[in-house]
Amino acid sequence: MPKGVIAKPTKEQLSWQDLELGMFCHFGMNTFCNREWGDGTDSPNKFNPQSLDAKQWVSIAKEAGFKYFILTAKHHDGFCLWQTNTTDYSVKSSPWKDGKGDVVAECARACEELDMPFGIYLSPWDRHALCYEDKEAYDDFYCDQLTELLTQYGPMVEVWFDGAGSEGREYDWRRIIDLVRKYQPKAMIFNMGAPTIRWVGNEDGVAPYPCWNTATEARQSMFTQDTTKWLPDTPLWLPAECDVPIRKGSWFWHPDDEDSIRSLDELMDIYYRSVGHGTNLLLNVAPDDRGLIPEADRKRVLEFGDEIRRRFSRPIAKTHGTGDILELKFPDKTYVDHVILMEDIAHGERIRAYELAAYIQGKWRNLVVGSAIGHKKIDSFKKVYTNRLRLTVDNADDIPLIRSFEAFYVGD
Ligand code: FUL
């Protein structure tokens with residue numbers, strides 16, 4: 001077995017990978033204008049959610065089993081959801097709460113109350129700010145906005161830097177990243193500058209397989225095949241995050257398009273191909289113009305959480321161990337149709353090839369041939385009746401460390 005230098009995660013990356021499931025929340029001027037990308041000219045008068053309740057948003061996330069929550073503090077239209085001193089184009093100029101409201105503060109408070117890690121999205125591309133044309137002036141402006149967000153709203157789990165609209169544009173990433181490191185050293189940095197997590201490269205919520213935890217590049221946005229230019233101190237351990245909206249084709253709420261809400265089967269398929277491929281899944285659920293998550297989305301998100309729990313909260317048996325071969329035995333023969341494997345990635349991603357087999361009528365029958373395990377691999381197969389399963393690692397960069405090997409019977 002070759003023993004080279006194996007990349008390892010930081011302890012913050014490790015805990016972030018354990019979160020697995022996050023809720024993304026796109027809310028802002030677009031919510032009131034039936035748009036996905038405002039051009040920055042919509043009047044702040046339009047922003048007036050009559051019943052905004054961030055606690056409802058975060059409670060839904062909590063109840064469904066999501067483990068972090070990310071809000072669009074500013075989207076491409078430049079409208080700021082917090083009481084910023086950098087521009088008038090914000091909640092301050094809106095009729096909502098007589099200009100005294102602060103959506104970022106309400107989300108941060110709800111997250112704190114419900115013990116939900118909180119993060120923000122701050123679009124680098126800004127279609128409102130006049131200074132956007134002046135690179136240096138805009139870098140100052142953006143850094144000021146980021147500083148406000150990083151210093152006034154408590155601990156952050158993640159800062160989401162969206163590459164969309166910024167193709168070909170350079171920002172002062174050194175300065176931006178240093179701000180995150182200074183004020184929120186534990187926060188994950190998404191895909192730009194010196195990221196600690198990378199974009200999976202699509203907006204379908206799915207990762208390829210294998211999706212290794214190490215990478216030296218990732219796609220910048222949906223609008224270019226180019227990869228982002230990262231700073232030299234970007235770590236090699238760079239787990240992927242899969243983002244996807246619950247309503248097909250839209251990140252913001254639009255009236256009368258409940259039909260676009262993904263079915264439970266579609267969401268489960270996404271789950272298998274994101275979390276089940278060892279990445280995190282960030283599912284977007286958008287509040288409407290009342291400032292509430294609509295009932296239809298709420299229902300689907302809760303069904304999704306229930307289904308994950310129904311399938312995977314009660315293993316038939318589980319074990320862990322070290323070495324190339326690990327067996328999982330049950331007291332009695334039973335049906336099995338899923339296995340969940342986790343590597344102890346604190347020591348790096350070591351396994352490169354593995355097989356799963358079941359002992360049936362006196363013989364080992366092969367069920368699965370795989371490559372990466374990493375943080376997690378969910379394998380589903382046609383049900384077998386057995387009392388023994390076996391994991392064989394065929395290729396690894398160092399001694400395999402299996403954090404958990406669990407078997408399930410999910411049924412139809
Ligand atoms: C994209 C943006 O253009 C979308 O509006 C959305 O914010 C998505 C998460 O990222 O690149």
# chains A, B, ... in the order shown; residues from 1 in each chain; ligands from 1
>>> residues_around(residues="Asp88 (chain A)", least_positions_apart="4", cutoff="12 Å", atoms="only C-alpha atoms", output="PyMOL selection string")
chain A and resi 43-44+78-84+92-94+99+128-130
>>> select_by_dssp(residues="region 40-235 of chain A", states="strand (DSSP E)", output="VMD selection string")
chain A and resid 68 to 74 118 to 122 158 to 160 188 to 190 198 to 199 219 to 221 224 to 227
>>> closest_residue(among="A:Asn366, A:Thr386, A:Thr392, A:Gln152", to="Thr322 (chain A)", atoms="only C-alpha atoms")
A:Thr392
>>> closest_atom_pairs(of="chain A", to="ligand 1", cutoff="7 Å", atoms="only C-alpha atoms and all ligand atoms", output="CSV")
residue,atom,partner,partner_atom_place_in_ligand_line,distance
A:Glu36,CA,ligand 1,5 (O),6.0
A:Trp37,CA,ligand 1,5 (O),6.2
A:His75,CA,ligand 1,7 (O),6.7
A:Asp162,CA,ligand 1,11 (O),5.7
A:Gly163,CA,ligand 1,11 (O),6.2
A:Ala164,CA,ligand 1,11 (O),4.2
A:Ser221,CA,ligand 1,11 (O),5.8
A:Met222,CA,ligand 1,11 (O),6.3
A:Asp243,CA,ligand 1,9 (C),6.8
A:Trp251,CA,ligand 1,6 (C),5.9
>>> closest_residue(among="A:Val206, A:Leu391, A:Val58, A:Ile176", to="Leu122 (chain A)", atoms="only C-alpha atoms")
A:Ile176
>>> closest_residue(among="A:Trp96, A:Tyr68, A:Tyr409, A:Trp199", to="Arg290 (chain A)", atoms="only C-alpha atoms")
A:Trp96
>>> select_by_dssp(residues="region 108-341 of chain A", states="helix (DSSP H, G or I)", output="PyMOL selection string")
chain A and resi 108-113+130-133+135-152+173-183+258-260+264-273+275-277+295-312
>>> residues_around(residues="Gln13 (chain A)", least_positions_apart="3", cutoff="10 Å", atoms="only C-alpha atoms", output="count of residues only")
16
>>> residues_around(residues="Val339 (chain A)", least_positions_apart="2", cutoff="7 Å", atoms="only C-alpha atoms", output="PyMOL selection string")
chain A and resi 341+378-380+406-408
>>> residues_around(residues="Leu150 (chain A)", least_positions_apart="2", cutoff="12 Å", atoms="only C-alpha atoms", output="PyMOL selection string")
chain A and resi 73+104-105+108+118-122+143-148+152-159+176-187
>>> closest_atom_pairs(of="region 231-279 of chain A", to="region 208-215 of chain A", cutoff="10 Å", atoms="only C-alpha atoms", output="Markdown table")
| residue | atom | partner | partner_atom | distance |
| --- | --- | --- | --- | --- |
| A:Thr234 | CA | A:Ala215 | CA | 9.9 |
| A:Pro235 | CA | A:Thr214 | CA | 8.6 |
| A:Leu236 | CA | A:Thr214 | CA | 5.3 |
| A:Trp237 | CA | A:Thr214 | CA | 4.5 |
| A:Leu238 | CA | A:Thr214 | CA | 5.3 |
| A:Pro239 | CA | A:Asn213 | CA | 4.6 |
| A:Ala240 | CA | A:Asn213 | CA | 7.0 |
| A:Arg273 | CA | A:Pro208 | CA | 7.5 |
| A:Ser274 | CA | A:Pro208 | CA | 8.3 |
| A:Gly276 | CA | A:Tyr209 | CA | 9.6 |
| A:His277 | CA | A:Tyr209 | CA | 6.3 |
| A:Gly278 | CA | A:Cys211 | CA | 7.2 |
| A:Thr279 | CA | A:Cys211 | CA | 7.7 |
>>> residues_around(residues="Glu327 (chain A)", least_positions_apart="6", cutoff="8 Å", atoms="only C-alpha atoms", output="ChimeraX atom specification")
/A:388-391
>>> decode(residues="region 161-176 of chain A", atoms="all heavy atoms", output="PDB file, in the first residue's frame")
ATOM      1  N   PHE A 161     -19.642  33.024  -1.446  1.00  0.00           N
ATOM      2  CA  PHE A 161     -19.235  33.959  -2.493  1.00  0.00           C
ATOM      3  C   PHE A 161     -19.675  33.398  -3.845  1.00  0.00           C
ATOM      4  O   PHE A 161     -19.117  32.400  -4.314  1.00  0.00           O
ATOM      5  CB  PHE A 161     -17.717  34.164  -2.463  1.00  0.00           C
ATOM      6  CG  PHE A 161     -17.228  34.860  -1.223  1.00  0.00           C
ATOM      7  CD1 PHE A 161     -16.342  34.237  -0.356  1.00  0.00           C
ATOM      8  CD2 PHE A 161     -17.655  36.153  -0.916  1.00  0.00           C
ATOM      9  CE1 PHE A 161     -15.880  34.880   0.783  1.00  0.00           C
ATOM     10  CE2 PHE A 161     -17.202  36.805   0.225  1.00  0.00           C
ATOM     11  CZ  PHE A 161     -16.313  36.163   1.075  1.00  0.00           C
ATOM     12  N   ASP A 162     -20.671  34.042  -4.431  1.00  0.00           N
ATOM     13  CA  ASP A 162     -21.233  33.576  -5.693  1.00  0.00           C
ATOM     14  C   ASP A 162     -20.413  34.126  -6.855  1.00  0.00           C
ATOM     15  O   ASP A 162     -20.196  35.334  -6.948  1.00  0.00           O
ATOM     16  CB  ASP A 162     -22.686  34.084  -5.764  1.00  0.00           C
ATOM     17  CG  ASP A 162     -23.460  33.480  -6.916  1.00  0.00           C
ATOM     18  OD1 ASP A 162     -22.835  32.866  -7.801  1.00  0.00           O
ATOM     19  OD2 ASP A 162     -24.690  33.635  -6.922  1.00  0.00           O
ATOM     20  N   GLY A 163     -20.013  33.241  -7.753  1.00  0.00           N
ATOM     21  CA  GLY A 163     -19.225  33.679  -8.907  1.00  0.00           C
ATOM     22  C   GLY A 163     -20.077  34.242 -10.041  1.00  0.00           C
ATOM     23  O   GLY A 163     -19.545  34.821 -10.999  1.00  0.00           O
ATOM     24  N   ALA A 164     -21.405  34.090  -9.963  1.00  0.00           N
ATOM     25  CA  ALA A 164     -22.265  34.505 -11.080  1.00  0.00           C
ATOM     26  C   ALA A 164     -22.179  36.003 -11.330  1.00  0.00           C
ATOM     27  O   ALA A 164     -22.227  36.806 -10.392  1.00  0.00           O
ATOM     28  CB  ALA A 164     -23.711  34.112 -10.806  1.00  0.00           C
ATOM     29  N   GLY A 165     -22.059  36.376 -12.582  1.00  0.00           N
ATOM     30  CA  GLY A 165     -22.002  37.789 -12.956  1.00  0.00           C
ATOM     31  C   GLY A 165     -20.605  38.373 -12.812  1.00  0.00           C
ATOM     32  O   GLY A 165     -20.337  39.482 -13.265  1.00  0.00           O
ATOM     33  N   SER A 166     -19.714  37.620 -12.174  1.00  0.00           N
ATOM     34  CA  SER A 166     -18.360  38.141 -11.927  1.00  0.00           C
ATOM     35  C   SER A 166     -17.332  37.498 -12.862  1.00  0.00           C
ATOM     36  O   SER A 166     -16.132  37.612 -12.625  1.00  0.00           O
ATOM     37  CB  SER A 166     -17.951  37.890 -10.477  1.00  0.00           C
ATOM     38  OG  SER A 166     -18.751  38.668  -9.613  1.00  0.00           O
ATOM     39  N   GLU A 167     -17.823  36.844 -13.922  1.00  0.00           N
ATOM     40  CA  GLU A 167     -16.905  36.201 -14.862  1.00  0.00           C
ATOM     41  C   GLU A 167     -15.985  37.272 -15.456  1.00  0.00           C
ATOM     42  O   GLU A 167     -16.458  38.302 -15.949  1.00  0.00           O
ATOM     43  CB  GLU A 167     -17.694  35.495 -15.982  1.00  0.00           C
ATOM     44  CG  GLU A 167     -18.651  34.392 -15.494  1.00  0.00           C
ATOM     45  CD  GLU A 167     -19.970  34.917 -14.938  1.00  0.00           C
ATOM     46  OE1 GLU A 167     -20.251  36.122 -15.065  1.00  0.00           O
ATOM     47  OE2 GLU A 167     -20.705  34.104 -14.346  1.00  0.00           O
ATOM     48  N   GLY A 168     -14.708  37.047 -15.375  1.00  0.00           N
ATOM     49  CA  GLY A 168     -13.738  37.993 -15.950  1.00  0.00           C
ATOM     50  C   GLY A 168     -13.424  39.177 -15.045  1.00  0.00           C
ATOM     51  O   GLY A 168     -12.546  39.980 -15.353  1.00  0.00           O
ATOM     52  N   ARG A 169     -14.135  39.315 -13.938  1.00  0.00           N
ATOM     53  CA  ARG A 169     -13.914  40.457 -13.043  1.00  0.00           C
ATOM     54  C   ARG A 169     -12.971  40.025 -11.913  1.00  0.00           C
ATOM     55  O   ARG A 169     -13.085  38.919 -11.393  1.00  0.00           O
ATOM     56  CB  ARG A 169     -15.263  40.887 -12.460  1.00  0.00           C
ATOM     57  CG  ARG A 169     -15.202  41.808 -11.252  1.00  0.00           C
ATOM     58  CD  ARG A 169     -14.925  43.244 -11.652  1.00  0.00           C
ATOM     59  NE  ARG A 169     -14.873  44.100 -10.472  1.00  0.00           N
ATOM     60  CZ  ARG A 169     -15.466  45.277 -10.383  1.00  0.00           C
ATOM     61  NH1 ARG A 169     -16.167  45.763 -11.381  1.00  0.00           N
ATOM     62  NH2 ARG A 169     -15.348  45.998  -9.283  1.00  0.00           N
ATOM     63  N   GLU A 170     -12.070  40.926 -11.544  1.00  0.00           N
ATOM     64  CA  GLU A 170     -11.184  40.597 -10.415  1.00  0.00           C
ATOM     65  C   GLU A 170     -11.562  41.417  -9.201  1.00  0.00           C
ATOM     66  O   GLU A 170     -11.868  42.601  -9.326  1.00  0.00           O
ATOM     67  CB  GLU A 170      -9.744  40.890 -10.806  1.00  0.00           C
ATOM     68  CG  GLU A 170      -9.329  40.096 -12.016  1.00  0.00           C
ATOM     69  CD  GLU A 170      -7.890  39.647 -11.964  1.00  0.00           C
ATOM     70  OE1 GLU A 170      -7.096  40.283 -11.245  1.00  0.00           O
ATOM     71  OE2 GLU A 170      -7.573  38.663 -12.653  1.00  0.00           O
ATOM     72  N   TYR A 171     -11.554  40.791  -8.075  1.00  0.00           N
ATOM     73  CA  TYR A 171     -11.771  41.513  -6.811  1.00  0.00           C
ATOM     74  C   TYR A 171     -10.515  41.351  -5.974  1.00  0.00           C
ATOM     75  O   TYR A 171      -9.674  40.497  -6.260  1.00  0.00           O
ATOM     76  CB  TYR A 171     -12.963  40.918  -6.051  1.00  0.00           C
ATOM     77  CG  TYR A 171     -14.266  40.946  -6.808  1.00  0.00           C
ATOM     78  CD1 TYR A 171     -14.673  39.838  -7.551  1.00  0.00           C
ATOM     79  CD2 TYR A 171     -15.083  42.069  -6.791  1.00  0.00           C
ATOM     80  CE1 TYR A 171     -15.877  39.857  -8.259  1.00  0.00           C
ATOM     81  CE2 TYR A 171     -16.289  42.092  -7.492  1.00  0.00           C
ATOM     82  CZ  TYR A 171     -16.681  40.978  -8.229  1.00  0.00           C
ATOM     83  OH  TYR A 171     -17.857  40.996  -8.918  1.00  0.00           O
ATOM     84  N   ASP A 172     -10.427  42.109  -4.913  1.00  0.00           N
ATOM     85  CA  ASP A 172      -9.268  41.992  -4.024  1.00  0.00           C
ATOM     86  C   ASP A 172      -9.490  40.823  -3.055  1.00  0.00           C
ATOM     87  O   ASP A 172      -9.784  41.008  -1.872  1.00  0.00           O
ATOM     88  CB  ASP A 172      -9.079  43.311  -3.251  1.00  0.00           C
ATOM     89  CG  ASP A 172      -7.747  43.351  -2.514  1.00  0.00           C
ATOM     90  OD1 ASP A 172      -7.107  42.282  -2.405  1.00  0.00           O
ATOM     91  OD2 ASP A 172      -7.353  44.447  -2.065  1.00  0.00           O
ATOM     92  N   TRP A 173      -9.348  39.633  -3.584  1.00  0.00           N
ATOM     93  CA  TRP A 173      -9.658  38.451  -2.775  1.00  0.00           C
ATOM     94  C   TRP A 173      -8.764  38.329  -1.548  1.00  0.00           C
ATOM     95  O   TRP A 173      -9.196  37.834  -0.503  1.00  0.00           O
ATOM     96  CB  TRP A 173      -9.608  37.175  -3.628  1.00  0.00           C
ATOM     97  CG  TRP A 173     -10.841  37.060  -4.460  1.00  0.00           C
ATOM     98  CD1 TRP A 173     -10.938  37.142  -5.813  1.00  0.00           C
ATOM     99  CD2 TRP A 173     -12.193  36.893  -3.977  1.00  0.00           C
ATOM    100  NE1 TRP A 173     -12.255  37.036  -6.210  1.00  0.00           N
ATOM    101  CE2 TRP A 173     -13.042  36.883  -5.099  1.00  0.00           C
ATOM    102  CE3 TRP A 173     -12.758  36.760  -2.709  1.00  0.00           C
ATOM    103  CZ2 TRP A 173     -14.421  36.740  -4.998  1.00  0.00           C
ATOM    104  CZ3 TRP A 173     -14.137  36.614  -2.593  1.00  0.00           C
ATOM    105  CH2 TRP A 173     -14.955  36.607  -3.728  1.00  0.00           C
ATOM    106  N   ARG A 174      -7.516  38.774  -1.700  1.00  0.00           N
ATOM    107  CA  ARG A 174      -6.618  38.685  -0.543  1.00  0.00           C
ATOM    108  C   ARG A 174      -7.247  39.406   0.652  1.00  0.00           C
ATOM    109  O   ARG A 174      -7.350  38.895   1.762  1.00  0.00           O
ATOM    110  CB  ARG A 174      -5.261  39.301  -0.920  1.00  0.00           C
ATOM    111  CG  ARG A 174      -4.189  39.346   0.107  1.00  0.00           C
ATOM    112  CD  ARG A 174      -3.580  37.961   0.411  1.00  0.00           C
ATOM    113  NE  ARG A 174      -4.350  37.176   1.352  1.00  0.00           N
ATOM    114  CZ  ARG A 174      -4.358  35.850   1.405  1.00  0.00           C
ATOM    115  NH1 ARG A 174      -3.672  35.125   0.563  1.00  0.00           N
ATOM    116  NH2 ARG A 174      -5.083  35.215   2.293  1.00  0.00           N
ATOM    117  N   ARG A 175      -7.696  40.610   0.387  1.00  0.00           N
ATOM    118  CA  ARG A 175      -8.273  41.435   1.452  1.00  0.00           C
ATOM    119  C   ARG A 175      -9.596  40.840   1.970  1.00  0.00           C
ATOM    120  O   ARG A 175      -9.836  40.796   3.173  1.00  0.00           O
ATOM    121  CB  ARG A 175      -8.545  42.813   0.843  1.00  0.00           C
ATOM    122  CG  ARG A 175      -8.504  43.916   1.826  1.00  0.00           C
ATOM    123  CD  ARG A 175      -8.540  45.216   1.043  1.00  0.00           C
ATOM    124  NE  ARG A 175      -9.459  46.129   1.661  1.00  0.00           N
ATOM    125  CZ  ARG A 175     -10.035  47.150   1.055  1.00  0.00           C
ATOM    126  NH1 ARG A 175      -9.788  47.372  -0.237  1.00  0.00           N
ATOM    127  NH2 ARG A 175     -10.824  47.948   1.715  1.00  0.00           N
ATOM    128  N   ILE A 176     -10.393  40.367   1.037  1.00  0.00           N
ATOM    129  CA  ILE A 176     -11.708  39.810   1.404  1.00  0.00           C
ATOM    130  C   ILE A 176     -11.536  38.568   2.283  1.00  0.00           C
ATOM    131  O   ILE A 176     -12.159  38.426   3.338  1.00  0.00           O
ATOM    132  CB  ILE A 176     -12.517  39.472   0.116  1.00  0.00           C
ATOM    133  CG1 ILE A 176     -12.803  40.759  -0.682  1.00  0.00           C
ATOM    134  CG2 ILE A 176     -13.795  38.721   0.441  1.00  0.00           C
ATOM    135  CD1 ILE A 176     -13.321  40.533  -2.095  1.00  0.00           C
TER     136      ILE A 176
END
